[in-house]
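Each remark here refers to the structure printed beneath this line.
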Amino acid sequence: MNSTSLKKYLDIYLAVRSATGFKDHAIRILLRDFVAYLIANKSYESIRARDAVNWACDASLTRGVSGKSNRLSVARGFLTYLQASEPEVEIPDKYILASAKRRKPYIFSSQEIIDLLQAASTIRPRDTLRPYTYTAILGLMASTGLRVSEVTKLTVSDVNFNSHPPKIFIMEAKCYKSRIVPLHPSTGTKLQQYKKMRTKMGYAGLSDAFFVSEKGGHISYGALYKWFNRTTRRLGMISEGTCREPTLHSLRHTFAVARLTKWCEEEMPVQDLMPNLSVYLGHLRPEDTYWYLTVTPALLLTASALFQNHVIQESNDEKP
């Protein structure tokens, strides 16, 4: 294999991924850098596992010092594809590099969410839709765990109040994946109230965006992000220890942890219900949902107690 054929393989690989719905901007940059690395080191004639490992561990203008395991995973995907046509290509072991530890997210208490909603309801200017919009957005995120981008991109036709329960259609979210998100009746009621206020104040004629800005378009993520960060600091919501600072995405983490905690407390079959939560949240990998079991000591303790009770029950059932 020469350098020209290696580049062609990469172009085809990326084209196939793009055709199957992957958003590969970052991966394109990484893999083109990987191929350039192989060519610069004249490793394309006989690609060895160490070549991928060395590339993943080296720092450059396009590769930081963190994320080595992720970069190796990207390289492994391409090399696996390449090996089908070039059998001499070596693929490094999946676990040769340790994955970076994920910092624990900030988990809001019930009172902190109430405080945030109260702060949103007092946003200025008072005579606009903004206070109602920000309150509705935070309430929806806290009660569903939707991503910020999924909420801000909603259109009027994406929210169905006529179904039982009410539903939200998330169109082409992460990796172009779409899904239906059922709403709790109380959440549906709050959104209906917002929609009526939106119409009453004349904003319905400005845009098809469900959460509409004063300019008539979708609500600005940047403005929402700045207000949220400023407000959490003003309310004294500061992370402790190794936790991340509170962000809008923390509402999604809080929802997932609250749902798992409730299932554990009710002694529900968490393992059987996990796939449902994964689909509801729009996770691409089930392990992203299972990770929440270790997020808070309280949840881990509750889950452990549930597991111990299950083991004891099975042991008693097996006794003659």
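Chain identifiers are assigned as A, B, and so on, following the order in which chains appear in the structure tokens; residues are numbered from 1 within each chain, and ligands are numbered from 1 in order of appearance.
Within 9 Å of A:Val89, once only C-alpha atoms are used and residues closer than 5 positions along the same chain are dropped, the contacting residues are Ser46, Ile47, Arg48, Ala49, Leu79, Thr80, Leu82, Gln83 and Ala84 of chain A.
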For the residues selected in the previous step, produce a file with C-alpha atoms as a tab-separated table (two decimals), in the first residue's frame.
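Wrote out-v3.tsv, looks like this:
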```tsv
chain	number	residue	atom	x	y	z
A	46	SER	CA	3.33	-1.78	6.87
A	47	ILE	CA	1.12	-0.20	9.53
A	48	ARG	CA	1.83	-1.58	12.99
A	49	ALA	CA	-0.16	-1.25	16.19
A	79	LEU	CA	-7.64	0.55	10.92
A	80	THR	CA	-10.36	-2.07	11.38
A	82	LEU	CA	-8.52	-0.79	6.44
A	83	GLN	CA	-7.61	-4.31	7.54
A	84	ALA	CA	-10.51	-5.74	5.52
```
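Minimum atom-to-atom distances from A:Tyr280, A:Trp291, A:Tyr9, A:Phe211 to A:Ser85 were compared using only C-alpha atoms, and the lowest value belongs to A:Tyr9.
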message = Just checking: using only C-alpha atoms, which residue out of A:Ala142, A:Ala75, A:Leu14, A:Leu38 ends up closest to A:Phe255?
response =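 Residue with the minimum atom-to-atom distance to A:Phe255: A:Ala142.
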ask   = Quick one: of A:Lys8, A:Arg50, A:Arg32, A:Lys196, who's nearest to A:Val156, counting only C-alpha atoms?
value = A:Lys196
query = Mind checking DSSP for stretch 17-187 of chain A and telling me the alpha helix (DSSP H) residues as a ChimeraX atom specification?
reply = /A:17-19,25-40,49-57,68-83,110-120,130-144,148-152,185-187
ask   = Taking into account only C-alpha atoms, which residue in the set A:Ser207, A:Thr289, A:Asn229, A:Ser3 is nearest to A:Val35?
value =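 Closest residue, counting only C-alpha atoms: A:Ser3.
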Could you list, as a PDB file with C-alpha atoms, in the first residue's frame, every residue within 7 Å of A:Phe161, counting only C-alpha atoms and ignoring same-chain residues fewer than 3 positions away?
```pdb
ATOM      1  CA  PRO A 166     -48.105  14.771  25.481  1.00  0.00           C
ATOM      2  CA  LYS A 167     -45.006  14.145  23.381  1.00  0.00           C
ATOM      3  CA  GLY A 188     -47.325  19.166  29.338  1.00  0.00           C
TER       4      GLY A 188
END
```
ask   = Can you list, as an NGL selection string, every protein, DNA or RNA residue that comes within 8 Å of A:Gly145 when you count only C-alpha atoms, leaving out same-chain residues fewer than 3 positions away?
value = :A and (140-142 or 251-256 or 281)
I need the residues from that last selection saved to file as a PDB file, in the first residue's frame (with C-alpha atoms), if you can.
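Saved result, out14.pdb, follows:
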```pdb
ATOM      1  CA  LEU A 140     -38.594  21.210  30.534  1.00  0.00           C
ATOM      2  CA  MET A 141     -34.908  20.331  30.854  1.00  0.00           C
ATOM      3  CA  ALA A 142     -35.223  19.478  34.549  1.00  0.00           C
ATOM      4  CA  LEU A 251     -29.935  19.576  34.521  1.00  0.00           C
ATOM      5  CA  ARG A 252     -29.724  16.528  32.246  1.00  0.00           C
ATOM      6  CA  HIS A 253     -27.412  14.756  34.703  1.00  0.00           C
ATOM      7  CA  THR A 254     -29.715  15.675  37.580  1.00  0.00           C
ATOM      8  CA  PHE A 255     -32.727  14.187  35.797  1.00  0.00           C
ATOM      9  CA  ALA A 256     -30.933  10.894  35.109  1.00  0.00           C
ATOM     10  CA  LEU A 281     -32.126  10.354  26.933  1.00  0.00           C
TER      11      LEU A 281
END
```
Running DSSP on the backbone, which parts of stretch 75-228 of chain A land in strand (DSSP E or B), as a CSV table (one decimal) with N, CA and C atoms, in the first residue's frame?
```csv
chain,number,residue,atom,x,y,z
A,155,THR,N,-39.5,23.3,17.4
A,155,THR,CA,-40.5,24.1,16.6
A,155,THR,C,-41.9,23.8,17.2
A,159,VAL,N,-44.0,19.8,19.2
A,159,VAL,CA,-44.6,19.6,20.5
A,159,VAL,C,-46.1,19.2,20.3
A,160,ASN,N,-46.4,18.0,20.7
A,160,ASN,CA,-47.8,17.5,20.5
A,160,ASN,C,-48.5,17.4,21.8
A,167,LYS,N,-46.3,14.6,23.9
A,167,LYS,CA,-45.0,14.1,23.4
A,167,LYS,C,-44.2,15.3,22.7
A,168,ILE,N,-42.9,15.1,22.7
A,168,ILE,CA,-42.0,16.0,22.0
A,168,ILE,C,-41.3,15.2,21.0
A,169,PHE,N,-41.2,15.7,19.7
A,169,PHE,CA,-40.4,15.0,18.7
A,169,PHE,C,-39.1,15.7,18.6
A,170,ILE,N,-38.0,14.9,18.9
A,170,ILE,CA,-36.7,15.4,18.7
A,170,ILE,C,-36.2,14.9,17.4
A,179,ARG,N,-36.0,10.9,18.0
A,179,ARG,CA,-36.8,10.1,19.0
A,179,ARG,C,-38.0,10.8,19.5
A,180,ILE,N,-38.9,10.1,20.1
A,180,ILE,CA,-40.1,10.7,20.7
A,180,ILE,C,-39.9,10.7,22.2
A,181,VAL,N,-40.2,11.8,22.8
A,181,VAL,CA,-40.0,12.0,24.3
A,181,VAL,C,-41.4,12.2,24.9
A,182,PRO,N,-41.9,11.2,25.6
A,182,PRO,CA,-43.2,11.4,26.3
A,182,PRO,C,-43.0,12.4,27.5
A,209,ALA,N,-40.5,28.8,15.8
A,209,ALA,CA,-39.7,28.3,16.9
A,209,ALA,C,-40.6,28.3,18.2
A,212,VAL,N,-39.3,31.1,21.5
A,212,VAL,CA,-39.0,32.1,20.5
A,212,VAL,C,-38.3,33.3,21.2
A,218,HIS,N,-35.1,31.3,17.0
A,218,HIS,CA,-34.9,30.4,18.1
A,218,HIS,C,-34.1,31.1,19.2
```
Compile a residue-level contact table for stretch 212-254 of chain A against stretch 120-125 of chain A at a cut-off of 12 Å, reporting for every qualifying residue the shortest atom pair and its distance in Å to one decimal, with only C-alpha atoms counted, rows ordered by chain and ascending number, as JSON lines.
```
{"residue": "A:Glu214", "atom": "CA", "partner": "A:Pro125", "partner_atom": "CA", "distance": 10.5}
{"residue": "A:Leu224", "atom": "CA", "partner": "A:Ala120", "partner_atom": "CA", "distance": 10.3}
{"residue": "A:Trp227", "atom": "CA", "partner": "A:Ala120", "partner_atom": "CA", "distance": 9.1}
{"residue": "A:Phe228", "atom": "CA", "partner": "A:Ala120", "partner_atom": "CA", "distance": 9.0}
{"residue": "A:Arg230", "atom": "CA", "partner": "A:Ala120", "partner_atom": "CA", "distance": 11.8}
{"residue": "A:Thr231", "atom": "CA", "partner": "A:Ala120", "partner_atom": "CA", "distance": 8.9}
{"residue": "A:Thr232", "atom": "CA", "partner": "A:Ala120", "partner_atom": "CA", "distance": 11.1}
```
task = Go through A:Tyr134, A:Tyr13, A:Tyr81, A:Phe34 one by one, measure the shortest atom-to-atom distance of each to A:Ala223 using only C-alpha atoms, and give the residue with the smallest value.
result = A:Tyr134
task = Figure out the distance between atom CA of A:Leu154 and atom CA of A:Ser110, please, to one decimal in Å.
result =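 Separating atom CA of A:Ser110 from atom CA of A:Leu154 is a distance of 25.7 Å.
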request  = Counting only C-alpha atoms, figure out which residue out of A:Tyr292, A:Lys42, A:Asp127, A:Gly236 gets nearest to A:Ser278.
outcome  =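 Counting only C-alpha atoms, the residue closest to A:Ser278 is A:Tyr292.
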request  = Show which residues sit within 8 Å of A:Leu129, as a VMD selection string. Count only C-alpha atoms, and ignore same-chain residues fewer than 4 positions away.
outcome  = chain A and resid 133 197 to 198 201 203 213 to 214
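Atom pair atom CA of A:Glu245 / atom CA of A:Tyr106: separated by 6.2 Å.
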